[in-house]
Amino acid sequence: MTLKERIEDIKKRIEIASQSVGRNPQDVMLLGVTKTKSVSLILESLEKGIEFIGENKVQEAYEKIPLLNGKFKEFHFIGHLQSNKINKLLRLNPALIHSIDKISTATKLNEHLIKIDRIQDVLIQINTSNEDSKFGIKPSEVYDFVGSLKNLSNINITGLMTIGKLTDNKEEIRKCFKMLKDIFDDLKKESLPGIKHLSMGMSHDFEIAIEEGATIVRIGSAIFGERNYD
Ligand SMILES: *Cc1c(COP(=O)(O)O)cnc(C)c1O
């Protein structure tokens, strides 16, 4: 398939998965994950139907995003944020940071935001799969975490993010997404009535995520091809 065909195929699959559970496909944002991919490929994708792009490394984003000449609708940061990279990241005006999982980093982020007089939308990353290798806070710690984050004046929590368990077992993956949705519903009722985003689902599991309520799916390899890290 060509790049255009892959983008159209993913959009079609988003539509089918949404409709299978009576959801409006327009309520699911397709975030094209462009990490490790070249500026020319990203530019091509922006001409062929990608509007929202996500990167997971600040340095890489810092080098590539300015070269896209604003041809995207939104840039999202989806990786682990180190506190010494906050300044650089903010210069790229991320519409959304998906991956807040430490109070210390959030506090520093807030200090930078106050200085530049900006409110930043963020998601809280939750580790729903209990895998050690993954970032994200434990489900049991969410409520305390939200309590602390709510004191930070310039940080606006708009939802939650998770990475599904890396397994072929679809029911195990589904459990992760269901857990995130349950936490989301609780928070919305109790302490965060304004939240709207559930960022979950990647190339291999986005349809399950949509069935469970995802509003943002983060798709890399199924659109841009496998990543080569050498
Ligand atoms: C790389 C990455 C993705 C995309 O993964 P694919 O399997 O290539 O679709 C999504 N979310 C995060 C946080 C990532 O780092």
# chains A, B, ... in the order shown; residues from 1 in each chain; ligands from 1
$ residues_near_ligand --ligand "ligand 1" --cutoff "10 Å" --atoms "only C-alpha atoms and all ligand atoms" --output "PyMOL selection string"
chain A and resi 31-36+54-57+77-80+98-99+125+134-135+161-164+166+199-206+217-227
$ residues_around --residues "Lys181 (chain A)" --least-positions-apart "4" --cutoff "10 Å" --atoms "only C-alpha atoms" --output "MDAnalysis selection string"
chainID A and resid 160:161 175:177 185:187 197:198 200 209 212:214
$ residues_around --residues "Phe184 (chain A)" --least-positions-apart "4" --cutoff "9 Å" --atoms "only C-alpha atoms" --output "PyMOL selection string"
chain A and resi 159-160+179-180+188-189+192+195-198
$ atom_distance --atom1 "CA of Leu92 (chain A)" --atom2 "CA of Met29 (chain A)"
20.3 Å
$ select_by_dssp --residues "chain A" --states "alpha helix (DSSP H)" --output "JSON, numbers by chain"
{"A": [3, 4, 5, 6, 7, 8, 9, 10, 11, 12, 13, 14, 15, 16, 17, 18, 19, 20, 39, 40, 41, 42, 43, 44, 45, 46, 47, 58, 59, 60, 61, 62, 63, 64, 86, 87, 88, 89, 90, 91, 103, 104, 105, 106, 107, 108, 109, 110, 111, 112, 113, 114, 115, 142, 143, 144, 145, 146, 147, 148, 149, 170, 171, 172, 173, 174, 175, 176, 177, 178, 179, 180, 181, 182, 183, 184, 185, 186, 187, 188, 189, 190, 206, 207, 208, 209, 210, 211, 221, 222, 223, 224]}
$ atom_distance --atom1 "CA of Lys64 (chain A)" --atom2 "CA of Leu41 (chain A)"
11.3 Å
$ closest_residue --among "A:Gly136, A:Asn156, A:Ala106, A:Asn151" --to "Arg118 (chain A)" --atoms "only C-alpha atoms"
A:Asn156
